[in-house]
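Enquirer: Contents of query01.csv (CSV, C-alpha atoms) are below:
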chain,number,residue,atom,x,y,z
A,1,MET,CA,117.5,93.1,73.2
A,2,LYS,CA,116.0,89.7,74.0
A,3,ALA,CA,113.4,91.3,76.3
A,4,TRP,CA,112.3,93.8,73.6
A,5,LEU,CA,112.0,91.0,71.0
A,6,LEU,CA,109.9,89.0,73.3
A,7,LEU,CA,107.8,92.1,74.0
A,8,ALA,CA,107.1,92.6,70.3
A,9,VAL,CA,105.9,89.0,70.0
A,10,ILE,CA,103.7,89.4,73.1
A,11,ILE,CA,102.1,92.6,71.8
A,12,GLY,CA,101.5,91.4,68.2
A,13,SER,CA,100.0,88.1,69.3
A,14,THR,CA,97.8,89.7,72.1
A,15,VAL,CA,96.4,92.2,69.7
A,16,THR,CA,95.5,89.6,67.1
A,17,ALA,CA,94.0,87.3,69.8
A,18,ASP,CA,91.8,90.0,71.3
A,19,LEU,CA,90.5,91.2,68.0
A,20,LEU,CA,89.6,87.7,66.9
A,21,GLN,CA,87.9,86.9,70.2
A,22,SER,CA,85.9,90.1,70.3
A,23,HIS,CA,84.7,89.6,66.7
A,24,GLU,CA,83.8,85.9,67.2
A,25,MET,CA,82.1,86.4,70.6
A,26,LYS,CA,79.9,89.1,69.2
A,27,ARG,CA,78.9,86.8,66.4
A,28,HIS,CA,78.1,84.1,69.0
A,29,GLY,CA,75.9,86.5,71.0
A,30,GLU,CA,75.5,87.2,74.7
A,31,ILE,CA,76.0,84.2,77.0
A,32,HIS,CA,73.1,83.9,79.4
A,33,ASP,CA,73.2,80.3,80.7
A,34,PHE,CA,75.9,79.8,83.3
A,35,ARG,CA,74.7,76.4,84.6
A,36,PRO,CA,77.2,73.6,84.0
A,37,SER,CA,75.2,72.1,81.2
A,38,GLY,CA,74.9,75.5,79.5
A,39,LEU,CA,78.6,76.2,79.9
A,40,ARG,CA,79.4,72.8,78.4
A,41,LEU,CA,77.3,73.6,75.4
A,42,VAL,CA,78.9,77.1,75.0
A,43,LEU,CA,82.5,75.7,75.3
A,44,ALA,CA,81.7,72.9,72.8
A,45,THR,CA,80.4,75.5,70.4
A,46,LEU,CA,83.4,77.8,70.9
A,47,ALA,CA,85.9,75.0,70.6
A,48,ARG,CA,84.7,74.4,67.0
A,49,ASN,CA,85.2,78.0,65.9
A,50,LYS,CA,88.4,78.2,63.8
A,51,ASN,CA,89.0,81.9,64.5
A,52,LEU,CA,88.8,81.3,68.2
A,53,ILE,CA,91.2,78.4,67.9
A,54,LEU,CA,93.6,80.7,66.1
A,55,SER,CA,93.1,83.3,68.8
A,56,VAL,CA,94.0,80.7,71.5
A,57,ALA,CA,97.1,79.8,69.4
A,58,CYS,CA,98.1,83.5,69.4
A,59,MET,CA,97.5,83.7,73.2
A,60,ALA,CA,99.7,80.6,73.6
A,61,ALA,CA,102.5,82.4,71.7
A,62,SER,CA,102.0,85.4,73.9
A,63,PHE,CA,102.0,83.2,77.0
A,64,PHE,CA,105.2,81.4,76.2
A,65,SER,CA,106.9,84.7,75.3
A,66,PHE,CA,105.7,86.1,78.6
A,67,MET,CA,107.1,83.2,80.5
A,68,ALA,CA,110.4,83.8,78.8
A,69,LEU,CA,110.2,87.5,79.5
A,70,LEU,CA,109.6,86.9,83.2
A,71,GLN,CA,113.0,85.2,83.4
A,72,VAL,CA,114.8,88.3,82.2
A,73,ALA,CA,112.6,91.1,83.6
A,74,ASP,CA,110.6,92.0,86.7
A,75,LEU,CA,106.9,91.3,86.8
A,76,SER,CA,106.3,95.0,87.5
A,77,PHE,CA,108.1,95.8,84.2
A,78,ALA,CA,106.8,92.9,82.1
A,79,VAL,CA,103.1,93.4,82.7
A,80,PRO,CA,102.9,97.2,82.1
A,81,ALA,CA,105.3,97.0,79.2
A,82,SER,CA,103.3,94.4,77.5
A,83,ALA,CA,100.3,96.7,77.9
A,84,GLY,CA,101.5,98.6,74.8
A,85,SER,CA,99.0,96.3,73.1
A,86,PHE,CA,96.2,98.2,75.0
A,87,VAL,CA,96.6,101.4,73.0
A,88,ILE,CA,96.9,99.6,69.7
A,89,GLU,CA,93.8,97.5,70.4
A,90,THR,CA,91.6,100.5,71.3
A,91,VAL,CA,92.5,102.1,67.9
A,92,LEU,CA,91.9,98.8,66.1
A,93,ALA,CA,88.6,98.3,67.9
A,94,ARG,CA,87.5,101.6,66.3
A,95,VAL,CA,89.0,100.9,62.9
A,96,ILE,CA,88.5,97.1,62.4
A,97,LEU,CA,85.6,96.2,64.7
A,98,LYS,CA,83.9,99.5,63.9
A,99,GLU,CA,83.0,100.0,67.6
A,100,HIS,CA,81.7,103.4,68.6
A,101,VAL,CA,84.5,104.7,70.8
A,102,ASP,CA,83.0,107.8,72.5
A,103,SER,CA,84.9,110.6,74.2
A,104,ARG,CA,84.6,108.9,77.6
A,105,ARG,CA,86.3,105.8,76.2
A,106,TRP,CA,89.1,107.8,74.5
A,107,ILE,CA,89.8,109.8,77.6
A,108,GLY,CA,89.7,106.6,79.7
A,109,ALA,CA,92.0,104.9,77.3
A,110,ALA,CA,94.4,107.8,77.4
A,111,LEU,CA,94.4,107.8,81.3
A,112,VAL,CA,95.0,104.1,81.4
A,113,ALA,CA,97.8,104.3,78.8
A,114,GLY,CA,99.5,107.1,80.7
A,115,GLY,CA,99.1,105.1,84.0
A,116,VAL,CA,100.6,102.0,82.4
A,117,TRP,CA,103.5,104.1,81.1
A,118,LEU,CA,104.2,105.4,84.6
A,119,LEU,CA,104.0,101.9,86.0
A,120,ALA,CA,106.7,100.9,83.6
A,121,LEU,CA,109.1,103.6,84.8
B,1,MET,CA,72.0,100.1,81.1
B,2,ASN,CA,69.7,97.6,82.9
B,3,PRO,CA,70.8,96.6,86.4
B,4,ARG,CA,71.1,92.9,85.5
B,5,LEU,CA,73.6,93.6,82.7
B,6,ARG,CA,75.4,96.1,84.9
B,7,TRP,CA,76.0,93.6,87.7
B,8,LYS,CA,76.8,90.8,85.3
B,9,THR,CA,79.4,93.0,83.6
B,10,ARG,CA,80.9,94.1,87.0
B,11,ALA,CA,81.1,90.5,88.2
B,12,PHE,CA,82.8,89.2,85.1
B,13,ALA,CA,85.2,92.2,85.0
B,14,ALA,CA,86.2,91.4,88.6
B,15,ILE,CA,86.8,87.7,87.7
B,16,VAL,CA,88.9,88.8,84.7
B,17,VAL,CA,91.0,91.1,86.9
B,18,ILE,CA,91.5,88.8,89.8
B,19,SER,CA,92.2,85.6,87.8
B,20,ASN,CA,94.7,87.5,85.6
B,21,ALA,CA,96.6,89.2,88.5
B,22,PHE,CA,96.9,86.0,90.6
B,23,GLY,CA,97.7,83.9,87.5
B,24,ASN,CA,100.6,86.2,86.7
B,25,LEU,CA,101.8,86.2,90.3
B,26,PHE,CA,101.8,82.4,90.6
B,27,LEU,CA,103.5,82.1,87.2
B,28,ALA,CA,106.2,84.6,88.2
B,29,TRP,CA,106.7,82.9,91.6
B,30,GLY,CA,106.9,79.5,90.0
B,31,MET,CA,109.3,80.6,87.3
B,32,ARG,CA,111.7,81.9,90.0
B,33,HIS,CA,111.2,79.0,92.4
B,34,GLY,CA,111.7,75.6,91.0
B,35,ALA,CA,110.9,75.9,87.3
B,36,GLY,CA,114.5,75.7,86.3
B,37,GLU,CA,116.1,77.7,83.5
B,38,ILE,CA,114.1,78.2,80.3
B,39,THR,CA,116.3,77.3,77.3
B,40,GLU,CA,115.7,77.1,73.5
B,41,SER,CA,114.4,73.5,74.1
B,42,PRO,CA,110.6,73.1,74.2
B,43,LEU,CA,111.3,70.5,76.9
B,44,SER,CA,112.3,73.2,79.4
B,45,PHE,CA,109.0,74.9,78.9
B,46,ILE,CA,107.1,71.6,79.3
B,47,ARG,CA,109.1,70.9,82.5
B,48,ALA,CA,108.3,74.3,83.9
B,49,ILE,CA,104.5,74.0,83.1
B,50,PHE,CA,104.2,70.9,85.3
B,51,THR,CA,105.7,72.5,88.4
B,52,PRO,CA,103.0,73.3,91.1
B,53,TRP,CA,103.0,77.1,91.1
B,54,VAL,CA,103.3,77.4,87.3
B,55,SER,CA,100.4,74.9,86.9
B,56,LEU,CA,98.2,76.9,89.3
B,57,GLY,CA,99.1,80.1,87.4
B,58,ILE,CA,98.1,78.4,84.2
B,59,VAL,CA,94.8,77.2,85.6
B,60,LEU,CA,94.0,80.8,86.7
B,61,LEU,CA,95.1,82.2,83.3
B,62,ILE,CA,92.8,79.8,81.5
B,63,SER,CA,90.0,81.0,83.8
B,64,TRP,CA,91.0,84.6,82.8
B,65,MET,CA,90.8,83.8,79.1
B,66,LEU,CA,87.4,82.1,79.4
B,67,SER,CA,85.9,84.9,81.6
B,68,LYS,CA,87.2,87.5,79.2
B,69,MET,CA,85.7,85.7,76.2
B,70,PHE,CA,82.3,85.5,78.0
B,71,LEU,CA,82.5,89.3,78.8
B,72,LEU,CA,83.3,90.0,75.2
B,73,SER,CA,80.1,88.3,74.2
B,74,TRP,CA,78.1,91.3,75.3
B,75,ALA,CA,80.7,94.1,76.0
B,76,ASP,CA,82.8,96.1,73.5
B,77,LEU,CA,86.6,95.5,73.3
B,78,SER,CA,87.1,99.2,73.8
B,79,TYR,CA,85.1,99.0,77.0
B,80,VAL,CA,86.6,95.7,78.3
B,81,LEU,CA,90.2,96.9,77.9
B,82,PRO,CA,90.2,99.9,80.2
B,83,VAL,CA,87.7,98.4,82.7
B,84,THR,CA,89.9,95.4,83.2
B,85,ALA,CA,93.1,97.5,83.3
B,86,PHE,CA,92.7,97.6,87.1
B,87,GLY,CA,94.6,94.3,86.8
B,88,TYR,CA,97.8,96.3,86.1
B,89,VAL,CA,97.4,98.0,89.5
B,90,LEU,CA,96.8,94.7,91.2
B,91,ASN,CA,99.8,93.2,89.5
B,92,ALA,CA,102.0,96.0,90.8
B,93,LEU,CA,100.7,95.6,94.3
B,94,LEU,CA,101.1,91.8,94.3
B,95,GLY,CA,104.6,92.2,92.9
B,96,ARG,CA,105.4,94.6,95.8
B,97,LEU,CA,103.8,92.4,98.4
B,98,PHE,CA,105.0,88.9,97.4
B,99,LEU,CA,107.9,89.4,95.0
B,100,SER,CA,109.6,92.3,96.9
B,101,GLU,CA,109.6,94.4,93.7
B,102,ASP,CA,109.9,98.2,94.1
B,103,VAL,CA,106.8,100.4,93.7
B,104,THR,CA,108.2,103.9,93.1
B,105,PRO,CA,106.2,107.1,93.4
B,106,ALA,CA,105.9,107.1,89.6
B,107,ARG,CA,104.2,103.7,89.8
B,108,TRP,CA,101.8,105.0,92.5
B,109,ALA,CA,100.9,107.9,90.2
B,110,GLY,CA,100.4,105.4,87.4
B,111,THR,CA,98.0,103.5,89.6
B,112,LEU,CA,95.9,106.6,90.3
B,113,LEU,CA,95.7,107.4,86.5
B,114,ILE,CA,94.6,103.8,85.7
B,115,MET,CA,92.0,103.9,88.5
B,116,ALA,CA,90.6,107.2,87.0
B,117,GLY,CA,90.4,105.6,83.6
B,118,VAL,CA,88.7,102.5,84.9
B,119,VAL,CA,86.1,104.5,86.8
B,120,LEU,CA,85.4,106.8,83.9
B,121,VAL,CA,84.9,104.0,81.3
B,122,GLY,CA,83.2,101.8,83.9
B,123,MET,CA,80.4,104.4,84.3
B,124,GLY,CA,79.5,104.1,80.6
B,125,ASN,CA,77.6,101.5,78.7
B,126,PRO,CA,79.5,98.3,77.9
B,127,HIS,CA,77.9,97.9,74.5
B,128,SER,CA,77.5,100.5,71.8
B,129,GLU,CA,75.8,100.3,68.5
B,130,GLN,CA,78.2,99.3,65.7
B,131,GLN,CA,78.9,101.8,63.0
B,132,ALA,CA,77.8,101.2,59.4
B,133,GLY,CA,80.2,99.0,57.4
B,134,GLY,CA,81.4,97.0,60.5
B,135,PRO,CA,81.9,93.3,60.5
B,136,PRO,CA,78.8,91.1,60.6
B,137,VAL,CA,77.7,90.3,64.1
Output the structure of this file as structure tokens.
Expert:
Amino acid sequence: MKAWLLLAVIIGSTVTADLLQSHEMKRHGEIHDFRPSGLRLVLATLARNKNLILSVACMAASFFSFMALLQVADLSFAVPASAGSFVIETVLARVILKEHVDSRRWIGAALVAGGVWLLAL
Amino acid sequence: MNPRLRWKTRAFAAIVVISNAFGNLFLAWGMRHGAGEITESPLSFIRAIFTPWVSLGIVLLISWMLSKMFLLSWADLSYVLPVTAFGYVLNALLGRLFLSEDVTPARWAGTLLIMAGVVLVGMGNPHSEQQAGGPPV
């Protein structure tokens, strides 16, 4: 029961974090400059973005729940089981982020979801 | 897709996958070897964070988070998710190699399915035009 509760927290917070990050990073635009000075500038800009800060808080919640889950479940269960977020995120990328999810991506998503389910067996 | 963007996307996808898989491995190893029992108290979490293997795992997971954010600055979430799903395969292999966890025939079949999904999506374009009515970008 504790493992499933932790799993629900992990999935909910991961989905929220990824949607916020994807939205905010697209607003920021493609990162081109990977020199130390350029990276410092990018990180300074990102660190002031409230939605990204919220996304990191969600990831922290997911991370601590994952640490607790690893104490009661195998890594080879914990990782694929928490991948339930993967299916939800693909649907929400289409619905909320309005991404064009073509047939290649839907089939790929279905294959990966099926594979993750088999990994969890 | 232009070659520069293709290689940049592949390089960052590889960094995302490797940093996540090894971050999880070191975290799992650290939680079982020397981190002590995690209780309701936040102090038990803080104590665990400062043990060597857990610290190394956290550093790698921070690298994972930043590289994924960078990748999302030009690639769609619906592209990044399946392409970086190879990390699940790597996690299963590392669990088998270093943590003596079982990898059953079903898990090997799952590995093949994930690989097929990764290759299929990876051959496509990482960025698509947004549909009308989407959030401002």
Enquirer: Output as a PyMOL selection string the set of chain A residues within 7 Å of chain B, with distances taken over all atoms listed in the file.
Expert: chain A and resi 21-22+25-31+68+70+75-76+79-80+86+90+93+97-101+104-105+108-109+111-112+114-116+118-119+121
Enquirer: What is the atom CA of Asn125 of chain B to atom CA of Trp106 of chain A distance in Å?
Expert: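 Answer for the atom CA of Asn125 of chain B to atom CA of Trp106 of chain A separation: 13.8 Å.
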Enquirer: From the list A:Met1, A:Val15, A:Leu92, A:Met67, which residue is nearest Ile46 of chain B when using all atoms listed in the file?
Expert: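 That would be A:Met67, the residue with the smallest distance to Ile46 of chain B.
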Enquirer: Give me, please, the distance in Å between atom CA of Thr84 of chain B and atom CA of Cys58 of chain A, quoted to one decimal.
Expert: 20.0 Å
Enquirer: Using only C-alpha atoms, which of the listed residues (B:Pro3, B:Gly23, B:Gly34, B:Pro42) sits closest to Phe64 of chain A?
Expert: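 The shortest atom-to-atom distance to Phe64 of chain A comes from B:Pro42.
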Enquirer: I'd like the interatomic distance between atom CA of Gly57 of chain B and atom CA of His33 of chain B, to a tenth of an Å.
Expert: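 Those two atoms sit 13.1 Å apart.
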Enquirer: Could you pull the residues within 10 Å of Ala8 of chain A, counting only C-alpha atoms, minus those fewer than 4 positions along the same chain, as a VMD selection string?
Expert: chain A and resid 3 to 4 12 to 14 62 65 82 84 to 85
